[in-house]
Amino acid sequence: MYKYFFRLVFKRLDPEQAHHLAFRWIRLAARVPVLRTFLAAALAPRYKELRTEALGLRMHGPFGLAAGFDKNAVGIDGMAMLGFDHVEIGTVTGEPQPGNPKQRLFRLVKDRALINRMGFNNDGSLRVAARLASRTPVFKPVVGVNIGKTKVVPEEEAVADYVKSAERLAPYADYLVVNVSSPNTPGLRNLQATEALRPLLSAVREAADRTASARRVPLLVKIAPDLADEDVDAVADLAVELGLDGIIATNTTIAREGLGLKSDPTLVKETGGLSGAPLKNRSLEVLRRLYARVGDRITLVGVGGIENAEDAWQRILAGATLVQGYSAFIYEGPFWGRAIHKGLAARLATSPYATLADAVGADVRKTA
């Protein structure tokens, strides 16, 4: 049904326009008491065996919405209604910014992928913090807050910009993510180098502890799939050294070659980050490498190219305690979360593992 609707309606619309339209419908549905209860029952069934503990938090399951869909914390209840166990908002920057000029979002339908060069368009950390502070939740998913650098802030002032966002947002975040891996903010990926990343993460950790003193807000870093293997190892080692709570692997890729892309070459050549199915293999490789390096010492979050329950299961076996998706939601529609949960429960039931936690990293441990 949804796939027919996608071809008939959404495919004919500009991708960003279609996103805003669909998101508006989701938010409206979540405001109607009887309707949202019915939809949550249909789209977000709970499986006791999928209950997950990660980052010191309890969740109904391991499957969450990746950052980028709800940039401004305006639709958290709607996304929970659709079955996401955690919702990561953002990326939020220190100051509000409009992002890059339009058109900046492209569908590669034949590849089940997206290219975006949105440029962290968002309302800024002050307004987003106020929105989170005033929120009266209907549903209570875990809410992560993803923060990035304001475009006009020079690289040498990046730490102060991240600290500003952390100070404002940490009190309302179940966990905090430092995004240094988007390809759409000039110079941002330079911050993945350990000599730049160490002082940045240390400063954000201090800011979060200072402003959310009643509890320890888990801190994670999100890395790019384009990092060389030795740089992945370096980030893993740094995360352990600093006592980081987790790593999210991975963001979008700037690569185009070797991905077997079938879409119109004109689309493929668009600049920006590629997400979706073509990212699957590299994202899984990075995750395996991270788990082999850090084991169970920190939480790993698998994201990038997850389309179905089998993809999510493979990420868990490769070391992910949590998994996230976004691009496939555009192609699969509102029953996607239901299908992921049902499929994961079925795979766990036929596996040799008693719990989902037992399955985390099992494939990597076998080859160690």
# chains A, B, ... in the order shown; residues from 1 in each chain; ligands from 1
call {"tool": "closest_atom_pairs", "arguments": {"of": "range 74-107 of chain A", "to": "range 335-347 of chain A", "cutoff": "9 Å", "atoms": "only C-alpha atoms", "output": "Markdown table"}}
result
| residue | atom | partner | partner_atom | distance |
| --- | --- | --- | --- | --- |
| A:Leu82 | CA | A:Gly337 | CA | 6.5 |
| A:Gly83 | CA | A:Gly337 | CA | 5.0 |
| A:Phe84 | CA | A:Gly337 | CA | 6.4 |
call {"tool": "residues_around", "arguments": {"residues": "Leu191 in chain A", "least_positions_apart": "2", "cutoff": "9 Å", "atoms": "only C-alpha atoms", "output": "PyMOL selection string"}}
result
chain A and resi 155+158+180-181+187-189+193-197+200
call {"tool": "residues_around", "arguments": {"residues": "range 120-129 of chain A", "least_positions_apart": "6", "cutoff": "9 Å", "atoms": "only C-alpha atoms", "output": "ChimeraX atom specification"}}
result
/A:68,71-74,90-100,147-151,164-166,168-172,182,184-185
call {"tool": "residues_around", "arguments": {"residues": "Leu290 in chain A", "least_positions_apart": "6", "cutoff": "10 Å", "atoms": "only C-alpha atoms", "output": "PyMOL selection string"}}
result
chain A and resi 229+232-237+247+249+284+298+300+318-320
call {"tool": "select_by_dssp", "arguments": {"residues": "range 138-348 of chain A", "states": "strand (DSSP E or B)", "output": "ChimeraX atom specification"}}
result
/A:142-148,175-179,219-223,246-249,253,273-276,299-303,322-325
call {"tool": "write_last_selection", "arguments": {"atoms": "N, CA, C and O atoms", "output": "short mmCIF file (atom, residue, chain, number, x, y, z; two decimals), in the first residue's frame"}}
result
data_model
loop_
_atom_site.label_atom_id
_atom_site.label_comp_id
_atom_site.auth_asym_id
_atom_site.auth_seq_id
_atom_site.Cartn_x
_atom_site.Cartn_y
_atom_site.Cartn_z
N VAL A 142 13.54 7.01 24.51
CA VAL A 142 14.81 7.65 24.85
C VAL A 142 15.09 8.71 23.79
O VAL A 142 14.90 8.47 22.60
N VAL A 143 15.50 9.90 24.23
CA VAL A 143 15.75 11.01 23.31
C VAL A 143 17.23 11.37 23.33
O VAL A 143 17.75 11.81 24.35
N GLY A 144 17.88 11.15 22.22
CA GLY A 144 19.26 11.57 22.06
C GLY A 144 19.32 12.91 21.38
O GLY A 144 18.43 13.27 20.60
N VAL A 145 20.35 13.68 21.67
CA VAL A 145 20.53 15.00 21.05
C VAL A 145 21.89 15.02 20.36
O VAL A 145 22.93 14.83 20.99
N ASN A 146 21.87 15.25 19.06
CA ASN A 146 23.06 15.25 18.22
C ASN A 146 23.47 16.70 17.97
O ASN A 146 22.66 17.51 17.50
N ILE A 147 24.71 17.05 18.32
CA ILE A 147 25.16 18.44 18.18
C ILE A 147 26.32 18.54 17.18
O ILE A 147 27.13 17.63 17.05
N GLY A 148 26.35 19.65 16.45
CA GLY A 148 27.39 19.89 15.46
C GLY A 148 27.87 21.33 15.50
O GLY A 148 27.41 22.14 16.32
N TYR A 175 20.85 11.14 26.04
CA TYR A 175 22.26 10.98 25.68
C TYR A 175 22.62 12.08 24.69
O TYR A 175 21.75 12.67 24.05
N LEU A 176 23.90 12.35 24.59
CA LEU A 176 24.40 13.45 23.77
C LEU A 176 25.39 12.89 22.75
O LEU A 176 26.21 12.03 23.08
N VAL A 177 25.29 13.36 21.51
CA VAL A 177 26.17 12.88 20.43
C VAL A 177 26.94 14.05 19.84
O VAL A 177 26.34 15.06 19.45
N VAL A 178 28.26 13.91 19.75
CA VAL A 178 29.10 14.89 19.07
C VAL A 178 29.26 14.43 17.62
O VAL A 178 29.85 13.39 17.35
N ASN A 179 28.71 15.22 16.73
CA ASN A 179 28.77 14.90 15.30
C ASN A 179 29.96 15.64 14.68
O ASN A 179 29.96 16.86 14.57
N LEU A 219 27.73 10.26 26.69
CA LEU A 219 28.30 11.01 25.57
C LEU A 219 28.83 10.05 24.52
O LEU A 219 29.60 9.13 24.84
N LEU A 220 28.44 10.28 23.27
CA LEU A 220 28.87 9.45 22.15
C LEU A 220 29.46 10.34 21.06
O LEU A 220 29.22 11.56 21.04
N VAL A 221 30.21 9.73 20.16
CA VAL A 221 30.73 10.44 18.99
C VAL A 221 30.27 9.68 17.75
O VAL A 221 30.21 8.45 17.74
N LYS A 222 29.93 10.42 16.71
CA LYS A 222 29.47 9.82 15.45
C LYS A 222 30.56 10.01 14.39
O LYS A 222 31.02 11.13 14.16
N ILE A 223 30.98 8.89 13.79
CA ILE A 223 32.10 8.93 12.85
C ILE A 223 31.66 8.61 11.44
O ILE A 223 30.59 8.04 11.20
N GLY A 246 29.93 5.82 24.06
CA GLY A 246 29.62 5.09 22.85
C GLY A 246 30.13 5.74 21.58
O GLY A 246 30.59 6.89 21.59
N ILE A 247 30.05 4.96 20.50
CA ILE A 247 30.40 5.44 19.16
C ILE A 247 29.25 5.06 18.23
O ILE A 247 28.75 3.93 18.27
N ILE A 248 28.86 6.00 17.39
CA ILE A 248 27.84 5.73 16.36
C ILE A 248 28.54 5.56 15.04
O ILE A 248 29.27 6.43 14.57
N ALA A 249 28.33 4.39 14.43
CA ALA A 249 28.99 4.05 13.18
C ALA A 249 27.93 3.57 12.17
O ALA A 249 27.34 2.52 12.38
N THR A 253 28.36 8.89 3.52
CA THR A 253 29.66 8.79 2.84
C THR A 253 29.74 9.77 1.68
O THR A 253 28.74 10.09 1.03
N GLY A 273 26.32 13.96 1.26
CA GLY A 273 26.50 12.66 1.88
C GLY A 273 25.50 11.65 1.34
O GLY A 273 24.30 11.92 1.27
N LEU A 274 25.99 10.50 0.96
CA LEU A 274 25.16 9.40 0.46
C LEU A 274 24.78 8.50 1.62
O LEU A 274 25.63 8.08 2.40
N SER A 275 23.49 8.20 1.74
CA SER A 275 23.02 7.29 2.78
C SER A 275 22.13 6.24 2.14
O SER A 275 21.74 6.35 0.97
N GLY A 276 21.80 5.22 2.91
CA GLY A 276 20.93 4.17 2.40
C GLY A 276 21.68 2.90 2.07
O GLY A 276 22.81 2.68 2.52
N THR A 299 29.41 1.32 24.34
CA THR A 299 28.25 0.96 23.53
C THR A 299 28.47 1.39 22.08
O THR A 299 28.86 2.52 21.81
N LEU A 300 28.19 0.47 21.16
CA LEU A 300 28.26 0.78 19.74
C LEU A 300 26.86 0.85 19.16
O LEU A 300 25.99 0.03 19.49
N VAL A 301 26.66 1.84 18.30
CA VAL A 301 25.37 2.04 17.64
C VAL A 301 25.60 1.86 16.14
O VAL A 301 26.40 2.57 15.54
N GLY A 302 24.89 0.91 15.55
CA GLY A 302 25.04 0.63 14.13
C GLY A 302 24.01 1.38 13.31
O GLY A 302 22.81 1.28 13.56
N VAL A 303 24.48 2.12 12.31
CA VAL A 303 23.58 2.87 11.43
C VAL A 303 24.25 2.99 10.07
O VAL A 303 25.48 3.05 9.97
N LEU A 322 22.69 -1.00 19.94
CA LEU A 322 21.58 -0.26 19.36
C LEU A 322 21.78 -0.14 17.86
O LEU A 322 22.91 -0.11 17.37
N VAL A 323 20.67 -0.06 17.12
CA VAL A 323 20.72 0.18 15.68
C VAL A 323 19.79 1.34 15.36
O VAL A 323 18.82 1.60 16.07
N GLN A 324 20.12 2.03 14.29
CA GLN A 324 19.32 3.19 13.86
C GLN A 324 19.08 3.14 12.36
O GLN A 324 19.87 2.56 11.61
N GLY A 325 18.02 3.79 11.93
CA GLY A 325 17.74 3.92 10.52
C GLY A 325 17.11 5.26 10.21
O GLY A 325 16.66 5.97 11.11
#
call {"tool": "closest_residue", "arguments": {"among": "A:Tyr2, A:Tyr47, A:Phe38, A:Tyr162", "to": "Glu206 in chain A", "atoms": "only C-alpha atoms"}}
result
A:Tyr162
call {"tool": "residues_around", "arguments": {"residues": "range 354-360 of chain A", "least_positions_apart": "6", "cutoff": "8 Å", "atoms": "only C-alpha atoms", "output": "list of chain:residue names"}}
result
A:Glu49, A:Leu50, A:Thr52, A:Ile316, A:Leu317, A:Ala318, A:Gly319, A:Ala320, A:Thr321, A:Leu348
call {"tool": "write_last_selection", "arguments": {"atoms": "all heavy atoms", "output": "short mmCIF file (atom, residue, chain, number, x, y, z; two decimals), in the first residue's frame"}}
result
data_model
loop_
_atom_site.label_atom_id
_atom_site.label_comp_id
_atom_site.auth_asym_id
_atom_site.auth_seq_id
_atom_site.Cartn_x
_atom_site.Cartn_y
_atom_site.Cartn_z
N GLU A 49 11.12 -9.72 24.72
CA GLU A 49 12.45 -10.27 24.50
C GLU A 49 13.41 -9.28 23.85
O GLU A 49 14.62 -9.50 23.82
CB GLU A 49 12.37 -11.54 23.65
CG GLU A 49 11.76 -11.36 22.28
CD GLU A 49 10.26 -11.57 22.23
OE1 GLU A 49 9.58 -11.18 23.22
OE2 GLU A 49 9.77 -12.12 21.23
N LEU A 50 12.87 -8.17 23.32
CA LEU A 50 13.72 -7.17 22.68
C LEU A 50 14.10 -6.02 23.62
O LEU A 50 14.84 -5.12 23.22
CB LEU A 50 13.03 -6.60 21.44
CG LEU A 50 12.76 -7.58 20.29
CD1 LEU A 50 12.16 -6.84 19.10
CD2 LEU A 50 14.03 -8.31 19.87
N THR A 52 15.89 -3.61 25.87
CA THR A 52 17.33 -3.35 25.76
C THR A 52 17.78 -2.37 26.83
O THR A 52 17.10 -1.38 27.11
CB THR A 52 17.65 -2.76 24.37
OG1 THR A 52 17.25 -3.69 23.36
CG2 THR A 52 19.12 -2.44 24.22
N ILE A 316 23.76 -6.25 15.08
CA ILE A 316 23.83 -6.71 16.47
C ILE A 316 24.91 -7.78 16.60
O ILE A 316 25.75 -7.73 17.51
CB ILE A 316 22.46 -7.22 16.93
CG1 ILE A 316 21.49 -6.02 17.05
CG2 ILE A 316 22.56 -7.96 18.26
CD1 ILE A 316 20.04 -6.41 17.22
N LEU A 317 24.92 -8.73 15.69
CA LEU A 317 25.93 -9.78 15.74
C LEU A 317 27.34 -9.22 15.55
O LEU A 317 28.32 -9.80 16.01
CB LEU A 317 25.65 -10.83 14.65
CG LEU A 317 24.38 -11.65 14.82
CD1 LEU A 317 24.19 -12.58 13.62
CD2 LEU A 317 24.40 -12.47 16.12
N ALA A 318 27.43 -8.06 14.86
CA ALA A 318 28.73 -7.42 14.62
C ALA A 318 29.16 -6.52 15.76
O ALA A 318 30.27 -5.96 15.72
CB ALA A 318 28.68 -6.62 13.32
N GLY A 319 28.30 -6.33 16.77
CA GLY A 319 28.73 -5.56 17.93
C GLY A 319 27.84 -4.40 18.34
O GLY A 319 28.14 -3.71 19.32
N ALA A 320 26.76 -4.16 17.61
CA ALA A 320 25.90 -3.03 17.94
C ALA A 320 24.88 -3.41 19.02
O ALA A 320 24.15 -4.39 18.86
CB ALA A 320 25.16 -2.54 16.70
N THR A 321 24.84 -2.64 20.09
CA THR A 321 23.79 -2.82 21.09
C THR A 321 22.51 -2.12 20.62
O THR A 321 21.41 -2.60 20.88
CB THR A 321 24.24 -2.24 22.44
OG1 THR A 321 25.43 -2.90 22.86
CG2 THR A 321 23.17 -2.42 23.50
N LEU A 348 15.84 -13.76 16.97
CA LEU A 348 16.32 -14.09 18.31
C LEU A 348 15.77 -15.45 18.75
O LEU A 348 16.49 -16.27 19.34
CB LEU A 348 15.93 -13.00 19.30
CG LEU A 348 16.36 -13.22 20.75
CD1 LEU A 348 17.87 -13.31 20.87
CD2 LEU A 348 15.82 -12.10 21.64
#
call {"tool": "residues_around", "arguments": {"residues": "Phe69 in chain A", "least_positions_apart": "2", "cutoff": "8 Å", "atoms": "only C-alpha atoms", "output": "ChimeraX atom specification"}}
result
/A:65-67,71,89-90,326
call {"tool": "write_last_selection", "arguments": {"atoms": "N, CA, C and O atoms", "output": "PDB file, in the first residue's frame"}}
result
ATOM      1  N   LEU A  65      15.533   5.983  15.602  1.00  0.00           N
ATOM      2  CA  LEU A  65      15.571   6.899  14.465  1.00  0.00           C
ATOM      3  C   LEU A  65      16.869   7.679  14.488  1.00  0.00           C
ATOM      4  O   LEU A  65      17.194   8.330  15.480  1.00  0.00           O
ATOM      5  N   ALA A  66      17.620   7.614  13.400  1.00  0.00           N
ATOM      6  CA  ALA A  66      18.882   8.338  13.316  1.00  0.00           C
ATOM      7  C   ALA A  66      18.647   9.841  13.234  1.00  0.00           C
ATOM      8  O   ALA A  66      17.572  10.311  12.833  1.00  0.00           O
ATOM      9  N   ALA A  67      19.659  10.601  13.598  1.00  0.00           N
ATOM     10  CA  ALA A  67      19.581  12.059  13.501  1.00  0.00           C
ATOM     11  C   ALA A  67      19.380  12.472  12.052  1.00  0.00           C
ATOM     12  O   ALA A  67      19.815  11.791  11.124  1.00  0.00           O
ATOM     13  N   LYS A  71      15.098  17.409  13.083  1.00  0.00           N
ATOM     14  CA  LYS A  71      16.232  18.270  13.406  1.00  0.00           C
ATOM     15  C   LYS A  71      15.967  19.180  14.598  1.00  0.00           C
ATOM     16  O   LYS A  71      16.902  19.596  15.282  1.00  0.00           O
ATOM     17  N   ILE A  89      17.456  13.461  17.897  1.00  0.00           N
ATOM     18  CA  ILE A  89      17.118  14.706  17.216  1.00  0.00           C
ATOM     19  C   ILE A  89      18.404  15.415  16.777  1.00  0.00           C
ATOM     20  O   ILE A  89      19.488  15.131  17.247  1.00  0.00           O
ATOM     21  N   GLY A  90      18.234  16.379  15.880  1.00  0.00           N
ATOM     22  CA  GLY A  90      19.378  17.140  15.403  1.00  0.00           C
ATOM     23  C   GLY A  90      19.736  16.753  13.975  1.00  0.00           C
ATOM     24  O   GLY A  90      19.001  16.015  13.317  1.00  0.00           O
ATOM     25  N   TYR A 326      17.108   5.583   8.927  1.00  0.00           N
ATOM     26  CA  TYR A 326      16.470   6.803   8.436  1.00  0.00           C
ATOM     27  C   TYR A 326      16.088   6.627   6.970  1.00  0.00           C
ATOM     28  O   TYR A 326      14.902   6.608   6.616  1.00  0.00           O
TER      29      TYR A 326
END
call {"tool": "residues_around", "arguments": {"residues": "Thr271 in chain A", "least_positions_apart": "6", "cutoff": "12 Å", "atoms": "only C-alpha atoms", "output": "PyMOL selection string"}}
result
chain A and resi 100+103-106+114-119+183-184+252-256
call {"tool": "write_last_selection", "arguments": {"atoms": "C-alpha atoms", "output": "PDB file, in the first residue's frame"}}
result
ATOM      1  CA  ASN A 100      22.679  25.102   2.284  1.00  0.00           C
ATOM      2  CA  GLN A 103      17.809  21.808  -3.876  1.00  0.00           C
ATOM      3  CA  ARG A 104      19.811  19.906  -1.297  1.00  0.00           C
ATOM      4  CA  LEU A 105      18.117  16.519  -0.956  1.00  0.00           C
ATOM      5  CA  PHE A 106      18.000  13.896  -3.712  1.00  0.00           C
ATOM      6  CA  LEU A 114      19.550   9.464  -0.565  1.00  0.00           C
ATOM      7  CA  ILE A 115      22.084  12.211  -1.144  1.00  0.00           C
ATOM      8  CA  ASN A 116      21.824  15.209   1.128  1.00  0.00           C
ATOM      9  CA  ARG A 117      23.759  18.404   1.536  1.00  0.00           C
ATOM     10  CA  MET A 118      21.337  19.969   3.988  1.00  0.00           C
ATOM     11  CA  GLY A 119      24.085  21.745   5.944  1.00  0.00           C
ATOM     12  CA  PRO A 183      30.426  16.099   4.934  1.00  0.00           C
ATOM     13  CA  ASN A 184      28.216  19.168   4.508  1.00  0.00           C
ATOM     14  CA  THR A 252      26.880   9.333   5.385  1.00  0.00           C
ATOM     15  CA  THR A 253      29.658   8.791   2.843  1.00  0.00           C
ATOM     16  CA  ILE A 254      31.195  11.049   0.219  1.00  0.00           C
ATOM     17  CA  ALA A 255      32.253   7.975  -1.773  1.00  0.00           C
ATOM     18  CA  ARG A 256      30.556   7.082  -5.053  1.00  0.00           C
TER      19      ARG A 256
END
